[in-house]
>>> print(open('target_8.pdb').read())   # PDB, C-alpha atoms
ATOM      1  CA  MET A   1       0.000   0.000   0.000
ATOM      2  CA  ARG A   2       1.399   3.378  -1.011
ATOM      3  CA  TYR A   3       0.125   5.699   1.720
ATOM      4  CA  ILE A   4      -0.855   9.262   0.930
ATOM      5  CA  LYS A   5       1.375  10.714   3.658
ATOM      6  CA  ASP A   6       4.408   9.129   1.963
ATOM      7  CA  LEU A   7       3.739  10.346  -1.605
ATOM      8  CA  LEU A   8       6.570  12.344  -3.183
ATOM      9  CA  ASP A   9       6.529  15.168  -5.693
ATOM     10  CA  GLY A  10       6.941  13.735  -9.197
ATOM     11  CA  GLU A  11       5.986  10.193  -8.192
ATOM     12  CA  ARG A  12       3.722   8.015 -10.324
ATOM     13  CA  VAL A  13       1.026   6.320  -8.255
ATOM     14  CA  VAL A  14      -1.032   3.220  -9.083
ATOM     15  CA  GLU A  15      -3.093   2.472  -5.987
ATOM     16  CA  HIS A  16      -6.527   2.016  -4.427
ATOM     17  CA  TYR A  17      -7.985   4.949  -2.481
ATOM     18  CA  LEU A  18     -11.352   6.014  -1.128
ATOM     19  CA  CYS A  19     -13.032   8.802  -3.080
ATOM     20  CA  LYS A  20     -14.156  10.956  -0.166
ATOM     21  CA  LYS A  21     -15.337  13.867  -2.319
ATOM     22  CA  LYS A  22     -16.213  14.336  -5.984
ATOM     23  CA  GLU A  23     -17.155  17.626  -7.646
ATOM     24  CA  SER A  24     -17.669  18.633 -11.252
ATOM     25  CA  ARG A  25     -16.048  21.987 -11.925
ATOM     26  CA  GLU A  26     -15.279  24.299 -14.800
ATOM     27  CA  SER A  27     -11.909  25.869 -15.551
ATOM     28  CA  LYS A  28     -11.473  29.568 -16.362
ATOM     29  CA  ALA A  29     -11.366  28.512 -20.007
ATOM     30  CA  GLY A  30     -14.793  26.881 -19.643
ATOM     31  CA  LYS A  31     -13.535  23.301 -19.721
ATOM     32  CA  SER A  32     -15.125  20.726 -17.384
ATOM     33  CA  PHE A  33     -12.969  18.697 -15.004
ATOM     34  CA  LEU A  34     -13.385  16.612 -11.848
ATOM     35  CA  SER A  35     -12.031  17.668  -8.469
ATOM     36  CA  LEU A  36     -11.628  14.831  -5.963
ATOM     37  CA  LYS A  37     -10.461  14.212  -2.442
ATOM     38  CA  LEU A  38      -8.798  10.813  -2.234
ATOM     39  CA  GLN A  39      -8.260   9.277   1.183
ATOM     40  CA  ASP A  40      -6.476   6.473   2.974
ATOM     41  CA  LYS A  41      -5.926   5.962   6.689
ATOM     42  CA  THR A  42      -2.991   8.401   6.688
ATOM     43  CA  GLY A  43      -4.746  11.398   5.159
ATOM     44  CA  MET A  44      -6.239  12.982   2.041
ATOM     45  CA  ILE A  45      -4.861  14.423  -1.172
ATOM     46  CA  ASP A  46      -6.442  16.948  -3.521
ATOM     47  CA  THR A  47      -6.873  15.258  -6.897
ATOM     48  CA  LYS A  48      -7.799  16.484 -10.364
ATOM     49  CA  ILE A  49      -9.017  14.665 -13.460
ATOM     50  CA  TRP A  50      -8.498  17.189 -16.234
ATOM     51  CA  GLU A  51      -9.479  14.949 -19.159
ATOM     52  CA  ILE A  52     -12.618  12.757 -18.974
ATOM     53  CA  THR A  53     -11.549  10.014 -21.383
ATOM     54  CA  LYS A  54     -12.494   6.378 -21.871
ATOM     55  CA  ASP A  55      -9.847   5.578 -19.254
ATOM     56  CA  ILE A  56     -12.011   7.235 -16.592
ATOM     57  CA  ALA A  57     -14.717   4.698 -15.764
ATOM     58  CA  PRO A  58     -17.953   5.755 -14.021
ATOM     59  CA  PHE A  59     -17.671   6.130 -10.242
ATOM     60  CA  GLU A  60     -19.360   7.972  -7.387
ATOM     61  CA  GLU A  61     -18.361   9.767  -4.222
ATOM     62  CA  GLY A  62     -17.846   7.148  -1.524
ATOM     63  CA  ASP A  63     -16.489   4.509  -3.930
ATOM     64  CA  VAL A  64     -13.103   2.871  -3.534
ATOM     65  CA  VAL A  65     -11.249   3.504  -6.780
ATOM     66  CA  LYS A  66      -8.031   2.353  -8.411
ATOM     67  CA  VAL A  67      -6.150   5.319  -9.830
ATOM     68  CA  ASP A  68      -3.155   5.804 -12.082
ATOM     69  CA  GLY A  69      -1.741   9.263 -11.626
ATOM     70  CA  SER A  70       1.184  11.491 -10.791
ATOM     71  CA  VAL A  71       1.930  13.666  -7.773
ATOM     72  CA  GLY A  72       2.722  17.357  -8.074
ATOM     73  CA  THR A  73       2.452  20.504  -5.975
ATOM     74  CA  PHE A  74      -0.105  23.297  -6.130
ATOM     75  CA  ASN A  75      -0.065  26.266  -3.727
ATOM     76  CA  ASN A  76       2.605  24.435  -1.707
ATOM     77  CA  GLU A  77       0.276  21.486  -1.172
ATOM     78  CA  PRO A  78       0.501  17.994  -2.732
ATOM     79  CA  GLN A  79      -1.893  17.392  -5.608
ATOM     80  CA  MET A  80      -2.478  14.313  -7.735
ATOM     81  CA  LYS A  81      -3.307  14.344 -11.426
ATOM     82  CA  VAL A  82      -5.178  11.184 -12.459
ATOM     83  CA  THR A  83      -5.293   9.894 -16.028
ATOM     84  CA  LYS A  84      -6.834   6.458 -15.400
ATOM     85  CA  LEU A  85      -9.492   5.449 -12.891
ATOM     86  CA  ARG A  86     -11.914   2.608 -12.244
ATOM     87  CA  LYS A  87     -13.966   1.350  -9.328
ATOM     88  CA  SER A  88     -12.083  -1.160  -7.206
ATOM     89  CA  THR A  89     -13.563  -4.610  -6.814
ATOM     90  CA  GLU A  90     -14.080  -6.397  -3.512
ATOM     91  CA  GLY A  91     -10.954  -8.240  -2.462
ATOM     92  CA  GLU A  92      -8.592  -5.757  -4.106
ATOM     93  CA  TYR A  93      -8.362  -3.566  -1.007
ATOM     94  CA  ASP A  94      -8.615  -3.639   2.773
ATOM     95  CA  ILE A  95     -11.074  -0.993   4.005
ATOM     96  CA  ALA A  96      -9.032  -0.615   7.215
ATOM     97  CA  GLU A  97      -6.203   0.777   5.028
ATOM     98  CA  LEU A  98      -8.466   3.436   3.549
ATOM     99  CA  VAL A  99     -10.151   5.032   6.559
ATOM    100  CA  PRO A 100      -8.683   6.450   9.770
ATOM    101  CA  THR A 101      -8.427   3.596  12.268
ATOM    102  CA  THR A 102      -7.753   3.291  15.982
ATOM    103  CA  GLN A 103      -4.118   2.660  16.819
ATOM    104  CA  LYS A 104      -5.216   0.188  19.485
ATOM    105  CA  ASP A 105      -5.997  -3.515  19.077
ATOM    106  CA  ILE A 106      -9.740  -3.859  18.403
ATOM    107  CA  ASP A 107     -10.025  -7.483  19.540
ATOM    108  CA  ALA A 108      -8.063  -6.767  22.721
ATOM    109  CA  MET A 109     -10.294  -3.812  23.562
ATOM    110  CA  PHE A 110     -13.447  -5.833  22.988
ATOM    111  CA  ALA A 111     -12.048  -8.587  25.219
ATOM    112  CA  GLN A 112     -11.626  -5.963  27.955
ATOM    113  CA  ILE A 113     -15.269  -4.947  27.492
ATOM    114  CA  MET A 114     -16.315  -8.574  27.978
ATOM    115  CA  GLU A 115     -14.137  -8.853  31.109
ATOM    116  CA  ILE A 116     -15.915  -5.846  32.604
ATOM    117  CA  ILE A 117     -19.268  -7.475  31.824
ATOM    118  CA  ALA A 118     -18.176 -10.773  33.385
ATOM    119  CA  ALA A 119     -17.288  -8.901  36.602
ATOM    120  CA  VAL A 120     -20.805  -7.463  36.986
ATOM    121  CA  LYS A 121     -22.249  -9.082  40.114
ATOM    122  CA  THR A 122     -25.985  -8.484  39.549
ATOM    123  CA  PRO A 123     -27.237 -11.407  37.406
ATOM    124  CA  HIS A 124     -29.952  -9.594  35.455
ATOM    125  CA  ILE A 125     -27.661  -6.631  34.650
ATOM    126  CA  ARG A 126     -24.903  -8.988  33.533
ATOM    127  CA  LEU A 127     -27.393 -10.913  31.363
ATOM    128  CA  LEU A 128     -28.590  -7.671  29.767
ATOM    129  CA  LEU A 129     -25.027  -6.699  28.846
ATOM    130  CA  GLU A 130     -24.189 -10.191  27.605
ATOM    131  CA  ASN A 131     -27.274 -10.247  25.386
ATOM    132  CA  ILE A 132     -26.391  -6.876  23.864
ATOM    133  CA  PHE A 133     -22.667  -7.367  23.329
ATOM    134  CA  ASN A 134     -22.754 -11.066  22.422
ATOM    135  CA  ASN A 135     -25.062 -10.412  19.473
ATOM    136  CA  GLU A 136     -22.670 -11.075  16.578
ATOM    137  CA  ALA A 137     -24.051  -8.538  14.093
ATOM    138  CA  ARG A 138     -24.339  -5.841  16.745
ATOM    139  CA  SER A 139     -20.889  -6.479  18.196
ATOM    140  CA  GLU A 140     -19.279  -6.249  14.752
ATOM    141  CA  LEU A 141     -20.874  -2.837  14.257
ATOM    142  CA  PHE A 142     -19.766  -1.801  17.737
ATOM    143  CA  LYS A 143     -16.167  -2.861  17.128
ATOM    144  CA  THR A 144     -15.788  -1.113  13.773
ATOM    145  CA  HIS A 145     -17.932   2.012  14.165
ATOM    146  CA  SER A 146     -16.676   5.508  14.737
ATOM    147  CA  ALA A 147     -17.905   7.489  17.728
ATOM    148  CA  ALA A 148     -18.667  10.626  15.708
ATOM    149  CA  MET A 149     -18.935  11.953  12.182
ATOM    150  CA  LEU A 150     -16.406  14.769  12.619
ATOM    151  CA  MET A 151     -15.525  15.198  16.286
ATOM    152  CA  HIS A 152     -13.607  12.916  18.670
ATOM    153  CA  HIS A 153     -12.953   9.248  17.821
ATOM    154  CA  SER A 154     -14.232   9.693  14.245
ATOM    155  CA  TYR A 155     -12.368   6.641  12.983
ATOM    156  CA  MET A 156     -12.773   2.878  12.705
ATOM    157  CA  GLY A 157     -12.823   1.397  16.193
ATOM    158  CA  GLY A 158     -13.443   4.829  17.691
ATOM    159  CA  LEU A 159     -16.717   3.898  19.369
ATOM    160  CA  LEU A 160     -15.158   0.835  21.013
ATOM    161  CA  GLU A 161     -12.095   2.820  22.116
ATOM    162  CA  HIS A 162     -14.227   5.637  23.544
ATOM    163  CA  THR A 163     -16.633   3.276  25.329
ATOM    164  CA  LEU A 164     -13.812   1.331  26.950
ATOM    165  CA  SER A 165     -12.023   4.508  28.047
ATOM    166  CA  VAL A 166     -15.200   5.989  29.535
ATOM    167  CA  THR A 167     -16.036   2.737  31.334
ATOM    168  CA  GLU A 168     -12.543   2.357  32.799
ATOM    169  CA  THR A 169     -12.625   5.959  34.023
ATOM    170  CA  CYS A 170     -16.049   5.361  35.561
ATOM    171  CA  MET A 171     -14.847   2.226  37.345
ATOM    172  CA  PHE A 172     -11.841   4.146  38.708
ATOM    173  CA  LEU A 173     -14.011   7.014  39.977
ATOM    174  CA  GLY A 174     -16.883   4.881  41.228
ATOM    175  CA  GLU A 175     -14.708   3.036  43.735
ATOM    176  CA  ARG A 176     -13.778   6.339  45.357
ATOM    177  CA  TYR A 177     -17.198   7.641  46.294
ATOM    178  CA  ARG A 178     -19.998   6.462  48.564
ATOM    179  CA  TYR A 179     -23.449   5.484  47.352
ATOM    180  CA  VAL A 180     -22.273   4.458  43.879
ATOM    181  CA  ASN A 181     -23.781   1.235  42.517
ATOM    182  CA  MET A 182     -20.899  -0.201  40.499
ATOM    183  CA  ASP A 183     -23.084  -2.526  38.413
ATOM    184  CA  ILE A 184     -25.430   0.301  37.376
ATOM    185  CA  LEU A 185     -22.357   2.415  36.636
ATOM    186  CA  ALA A 186     -20.781  -0.295  34.471
ATOM    187  CA  ALA A 187     -24.002  -0.863  32.533
ATOM    188  CA  GLY A 188     -24.617   2.849  31.968
ATOM    189  CA  ALA A 189     -21.042   3.458  30.846
ATOM    190  CA  LEU A 190     -20.985   0.505  28.449
ATOM    191  CA  LEU A 191     -24.352   1.445  26.946
ATOM    192  CA  HIS A 192     -24.229   5.247  26.928
ATOM    193  CA  ASP A 193     -23.240   5.509  23.228
ATOM    194  CA  ILE A 194     -24.447   2.132  21.923
ATOM    195  CA  GLY A 195     -27.062   3.904  19.797
ATOM    196  CA  LYS A 196     -24.306   5.303  17.603
ATOM    197  CA  ILE A 197     -24.080   1.984  15.760
ATOM    198  CA  TYR A 198     -27.404   2.941  14.151
ATOM    199  CA  GLU A 199     -27.087   6.735  14.349
ATOM    200  CA  LEU A 200     -24.123   6.683  11.952
ATOM    201  CA  SER A 201     -23.648   4.613   8.823
ATOM    202  CA  PRO A 202     -20.645   2.261   8.745
ATOM    203  CA  LEU A 203     -17.314   3.522   7.481
ATOM    204  CA  PRO A 204     -16.284   4.662   4.960
ATOM    205  CA  GLN A 205     -19.506   6.700   4.649
ATOM    206  CA  ASN A 206     -19.744   7.554   8.380
ATOM    207  CA  GLU A 207     -22.776   9.800   7.866
ATOM    208  CA  TYR A 208     -25.998  10.256   9.812
ATOM    209  CA  THR A 209     -28.639   7.677   8.989
ATOM    210  CA  ASP A 210     -32.330   8.587   8.767
ATOM    211  CA  ASP A 211     -32.781   7.382  12.367
ATOM    212  CA  GLY A 212     -29.658   9.305  13.354
ATOM    213  CA  GLN A 213     -31.125  12.508  11.954
ATOM    214  CA  MET A 214     -34.641  11.981  13.319
ATOM    215  CA  LEU A 215     -33.990  10.233  16.644
ATOM    216  CA  GLY A 216     -30.333  10.533  17.626
ATOM    217  CA  HIS A 217     -28.174   8.025  19.474
ATOM    218  CA  ILE A 218     -29.687   8.679  22.914
ATOM    219  CA  ILE A 219     -33.204   7.727  21.839
ATOM    220  CA  ILE A 220     -31.913   4.855  19.690
ATOM    221  CA  ALA A 221     -29.978   3.469  22.687
ATOM    222  CA  LEU A 222     -32.977   3.908  24.961
ATOM    223  CA  GLU A 223     -35.201   1.917  22.594
ATOM    224  CA  MET A 224     -32.567  -0.798  22.111
ATOM    225  CA  VAL A 225     -31.936  -1.254  25.833
ATOM    226  CA  SER A 226     -35.660  -1.174  26.626
ATOM    227  CA  ALA A 227     -36.288  -3.907  24.051
ATOM    228  CA  GLU A 228     -33.526  -6.096  25.496
ATOM    229  CA  ILE A 229     -34.745  -5.552  29.075
ATOM    230  CA  ALA A 230     -38.242  -6.657  28.019
ATOM    231  CA  LYS A 231     -36.799 -10.043  26.973
ATOM    232  CA  ILE A 232     -35.444 -10.744  30.473
ATOM    233  CA  ASP A 233     -37.944 -12.287  32.881
ATOM    234  CA  LYS A 234     -38.680 -10.154  35.954
ATOM    235  CA  PHE A 235     -36.059  -7.522  35.239
ATOM    236  CA  PRO A 236     -36.552  -5.004  38.102
ATOM    237  CA  HIS A 237     -38.259  -1.821  36.926
ATOM    238  CA  GLU A 238     -36.164   0.395  39.208
ATOM    239  CA  THR A 239     -32.924  -1.072  37.912
ATOM    240  CA  ALA A 240     -34.082  -0.577  34.333
ATOM    241  CA  SER A 241     -34.903   3.077  35.032
ATOM    242  CA  LEU A 242     -31.530   3.700  36.696
ATOM    243  CA  ILE A 243     -29.644   2.281  33.696
ATOM    244  CA  LYS A 244     -31.804   4.171  31.206
ATOM    245  CA  HIS A 245     -31.318   7.387  33.172
ATOM    246  CA  CYS A 246     -27.548   7.024  32.749
ATOM    247  CA  ILE A 247     -28.046   6.841  28.987
ATOM    248  CA  ILE A 248     -30.424   9.776  28.595
ATOM    249  CA  ALA A 249     -28.499  12.049  31.007
ATOM    250  CA  HIS A 250     -24.954  11.481  29.775
ATOM    251  CA  HIS A 251     -24.725  14.750  27.814
ATOM    252  CA  GLY A 252     -25.183  16.482  31.142
ATOM    253  CA  GLU A 253     -27.243  19.537  30.181
ATOM    254  CA  TYR A 254     -30.506  20.118  28.339
ATOM    255  CA  GLU A 255     -28.780  22.451  25.852
ATOM    256  CA  PHE A 256     -26.340  19.674  24.945
ATOM    257  CA  GLY A 257     -29.104  17.244  24.015
ATOM    258  CA  SER A 258     -29.839  15.446  27.287
ATOM    259  CA  PRO A 259     -33.572  14.800  27.816
ATOM    260  CA  LYS A 260     -32.717  14.724  31.531
ATOM    261  CA  ILE A 261     -29.784  16.019  33.564
ATOM    262  CA  PRO A 262     -27.863  13.618  35.848
ATOM    263  CA  ALA A 263     -29.851  12.850  38.988
ATOM    264  CA  THR A 264     -27.845   9.883  40.316
ATOM    265  CA  PRO A 265     -24.169   9.441  41.221
ATOM    266  CA  GLU A 266     -23.769   6.913  38.410
ATOM    267  CA  ALA A 267     -25.211   9.258  35.769
ATOM    268  CA  MET A 268     -23.031  12.135  37.013
ATOM    269  CA  ILE A 269     -19.851  10.047  36.845
ATOM    270  CA  ILE A 270     -20.688   8.836  33.319
ATOM    271  CA  HIS A 271     -21.357  12.396  32.154
ATOM    272  CA  PHE A 272     -18.000  13.675  33.391
ATOM    273  CA  ALA A 273     -16.071  10.603  32.180
ATOM    274  CA  ASP A 274     -17.665  10.952  28.731
ATOM    275  CA  ASN A 275     -16.811  14.657  28.602
ATOM    276  CA  ILE A 276     -13.230  14.134  29.755
ATOM    277  CA  ASP A 277     -12.570  11.443  27.169
ATOM    278  CA  ALA A 278     -14.165  13.440  24.345
ATOM    279  CA  LYS A 279     -12.332  16.675  25.166
ATOM    280  CA  LEU A 280      -8.888  15.212  25.835
ATOM    281  CA  THR A 281      -9.059  12.982  22.768
ATOM    282  CA  THR A 282      -9.922  16.098  20.756
ATOM    283  CA  PHE A 283      -6.805  17.780  22.199
ATOM    284  CA  ALA A 284      -4.684  14.803  21.129
ATOM    285  CA  GLU A 285      -6.175  14.712  17.628
ATOM    286  CA  ILE A 286      -5.481  18.441  17.185
ATOM    287  CA  TYR A 287      -1.878  17.958  18.307
ATOM    288  CA  ASP A 288      -1.437  15.039  15.895
ATOM    289  CA  LYS A 289      -2.518  17.167  12.925
ATOM    290  CA  ASP A 290      -0.848  20.449  13.856
ATOM    291  CA  THR A 291       2.296  21.278  11.887
ATOM    292  CA  GLY A 292       2.446  25.025  12.541
ATOM    293  CA  ALA A 293       5.120  26.911  14.408
ATOM    294  CA  GLY A 294       4.664  28.528  17.786
ATOM    295  CA  GLN A 295       3.326  27.380  21.145
ATOM    296  CA  TRP A 296      -0.372  27.832  20.359
ATOM    297  CA  THR A 297      -2.641  26.202  17.791
ATOM    298  CA  PRO A 298      -4.993  28.175  15.559
ATOM    299  CA  PHE A 299      -8.446  28.787  17.064
ATOM    300  CA  GLN A 300     -10.202  25.452  17.554
ATOM    301  CA  LYS A 301     -13.894  25.841  16.764
ATOM    302  CA  ALA A 302     -14.751  22.432  18.265
ATOM    303  CA  LEU A 303     -13.364  23.510  21.640
ATOM    304  CA  GLY A 304     -14.127  27.225  21.360
ATOM    305  CA  ARG A 305     -10.544  28.274  22.198
ATOM    306  CA  TYR A 306      -6.900  28.377  21.241
ATOM    307  CA  ILE A 307      -4.964  25.567  22.897
ATOM    308  CA  ARG A 308      -1.344  25.424  23.955
ATOM    309  CA  LYS A 309       0.845  22.773  22.425
ATOM    310  CA  PRO A 310       2.499  20.154  24.652
ATOM    311  CA  SER A 311       5.691  21.279  26.349
ATOM    312  CA  THR A 312       8.900  19.289  26.192
ATOM    313  CA  PRO A 313      10.257  18.763  29.740
TER     314      PRO A 313
END
>>> encode(input="target_8.pdb", output="C-alpha cells")
Amino acid sequence: MRYIKDLLDGERVVEHYLCKKKESRESKAGKSFLSLKLQDKTGMIDTKIWEITKDIAPFEEGDVVKVDGSVGTFNNEPQMKVTKLRKSTEGEYDIAELVPTTQKDIDAMFAQIMEIIAAVKTPHIRLLLENIFNNEARSELFKTHSAAMLMHHSYMGGLLEHTLSVTETCMFLGERYRYVNMDILAAGALLHDIGKIYELSPLPQNEYTDDGQMLGHIIIALEMVSAEIAKIDKFPHETASLIKHCIIAHHGEYEFGSPKIPATPEAMIIHFADNIDAKLTTFAEIYDKDTGAGQWTPFQKALGRYIRKPSTP
C-alpha cells in the first residue's frame, strides 16, 4: 500500500484509495474537469481529473477507486493528477487501510469490554449486557464504528475505544465515592453511546442515517436497551430506570441534548467521564494534525478556544 502521507513530488502512483469527495467543476477557459479528495488511513490528497476520457470509468463519491496518476504541488500542497481510474472490486483492497483507524488492538479492547461485563455481580444486569454485546451482528458494528462523524474518535474502532475509556474511568471514579452502585455504573457506561451503531452509517460513509437525523443516538440506545430488558424475565423496573437514566443524562445539560440532567451518582460520573474522554481525545487529535510553528494552535472551533501545544520537559 502506497500511503498518501508518503507520496513524493513527481511520483507516479497506481493504488486504491477512497473517493471521499467528488465535484464537477469548470476551468477559467470553460472546460469541465473533476475535483476529488482521495483518502487512505494516513490522510487525504487533492486530486484532479483534467481529461474525462475512456480511461475514466464511471464512479461515485464514496467509492473505492483504483487510480493511475502522478503527484505534483499546487499552492505548496501535494496534488495528484489522475489519467486512469476505475472502481475497485471487492478483495482488491482492505477498508481498514483506507479510513482512519484506531491505533489500538480492536479485539483486545473488545475482550476488555467482555471482562468488565463478566465482573458485573448483579445477574440480570450482567445478562442484559451479555445479550447486547454477544449479538454477533451488533458487536461487529460496535467494534468497527466511529464514535462521531467529525468530532472525537471519528475513525474505525473509535466507538469501542471511547466506550472502553469511559467505562474504565467510571470504574476508577466509582470506587472512590460512597453510594455508587458499580453494576449500574458499568451498565450505563458501556451502553451510553451504543445507539451510535445505528445513528451513523458504517465507514467509509460515516454519515448520519435517517434514524440518526430523526432520533439521535440517545433515543436509539434507549429503545434498544428497553427492548432487550423486556426479553429478560422479571427484570426489576427500578434497575431498568436507573440504567436508562444514565443513557439519557450522559450529555449532562438540556442544551447539549440530554432529555434529563444527571440525577444519580452513576449518571453524574458517566457524564463527566464521557466529557473528559471526548475533550482530551480532541486535544490529542489536534496535536497530531498540527504542523504550525509557535506554542499555540490556531483557534479550535470544536473547543471554542486556542490551545497550547504540549511542552517538552
>>> closest_residue(input="target_8.pdb", among="A:Gly158, A:Tyr208, A:Ile286, A:Gly252", to="Pro298 (chain A)", atoms="only C-alpha atoms")
A:Ile286
>>> axis_aligned_box(input="target_8.pdb", around="region 116-133 of chain A", padding_each_side="4 Å", output="lines of an AutoDock Vina configuration file")
center_x = -22.9
center_y = -8.6
center_z = 31.7
size_x = 22.0
size_y = 13.6
size_z = 24.8
>>> atom_distance(input="target_8.pdb", atom1="CA of Gln79 (chain A)", atom2="CA of Asp9 (chain A)")
8.7 Å
>>> resolve_selection(input="target_8.pdb", expression="the PyMOL selection byres ((chain A and resi 128) around 12)", output="PyMOL selection string")
chain A and resi 117-118+120+122-127+129-135+183-184+186-188+190-191+224-233+235-236+239-240+243
>>> atom_distance(input="target_8.pdb", atom1="CA of Val180 (chain A)", atom2="CA of Lys121 (chain A)")
14.1 Å
>>> closest_residue(input="target_8.pdb", among="A:Met114, A:Cys170, A:Ile95, A:Leu34", to="Met156 (chain A)", atoms="all atoms listed in the file")
A:Ile95
>>> closest_residue(input="target_8.pdb", among="A:His250, A:Glu223, A:Tyr155, A:Arg308", to="Gly294 (chain A)", atoms="only C-alpha atoms")
A:Arg308
>>> decode(input="target_8.pdb", residues="region 229-244 of chain A", atoms="N, CA and C atoms", output="CSV table (one decimal), in the first residue's frame")
chain,number,residue,atom,x,y,z
A,229,ILE,N,-34.3,-5.4,27.7
A,229,ILE,CA,-34.7,-5.6,29.1
A,229,ILE,C,-36.1,-6.3,29.1
A,230,ALA,N,-36.9,-6.0,28.1
A,230,ALA,CA,-38.2,-6.7,28.0
A,230,ALA,C,-38.1,-8.2,27.8
A,231,LYS,N,-37.0,-8.6,27.3
A,231,LYS,CA,-36.8,-10.0,27.0
A,231,LYS,C,-36.4,-10.8,28.2
A,232,ILE,N,-36.0,-10.1,29.3
A,232,ILE,CA,-35.4,-10.7,30.5
A,232,ILE,C,-36.6,-10.8,31.5
A,233,ASP,N,-36.8,-12.1,31.9
A,233,ASP,CA,-37.9,-12.3,32.9
A,233,ASP,C,-37.7,-11.6,34.2
A,234,LYS,N,-38.7,-10.8,34.6
A,234,LYS,CA,-38.7,-10.2,36.0
A,234,LYS,C,-37.5,-9.2,36.1
A,235,PHE,N,-37.1,-8.5,35.1
A,235,PHE,CA,-36.1,-7.5,35.2
A,235,PHE,C,-36.6,-6.4,36.1
A,236,PRO,N,-36.0,-6.0,37.2
A,236,PRO,CA,-36.6,-5.0,38.1
A,236,PRO,C,-36.8,-3.6,37.4
A,237,HIS,N,-37.9,-3.1,37.6
A,237,HIS,CA,-38.3,-1.8,36.9
A,237,HIS,C,-37.3,-0.7,37.4
A,238,GLU,N,-37.0,-0.7,38.7
A,238,GLU,CA,-36.2,0.4,39.2
A,238,GLU,C,-34.8,0.3,38.6
A,239,THR,N,-34.3,-0.9,38.5
A,239,THR,CA,-32.9,-1.1,37.9
A,239,THR,C,-32.9,-0.6,36.5
A,240,ALA,N,-34.0,-1.0,35.7
A,240,ALA,CA,-34.1,-0.6,34.3
A,240,ALA,C,-34.1,0.9,34.2
A,241,SER,N,-34.8,1.6,35.1
A,241,SER,CA,-34.9,3.1,35.0
A,241,SER,C,-33.6,3.7,35.4
A,242,LEU,N,-32.8,3.1,36.3
A,242,LEU,CA,-31.5,3.7,36.7
A,242,LEU,C,-30.5,3.6,35.5
A,243,ILE,N,-30.5,2.5,34.8
A,243,ILE,CA,-29.6,2.3,33.7
A,243,ILE,C,-30.0,3.2,32.6
A,244,LYS,N,-31.3,3.3,32.3
A,244,LYS,CA,-31.8,4.2,31.2
A,244,LYS,C,-31.6,5.6,31.5
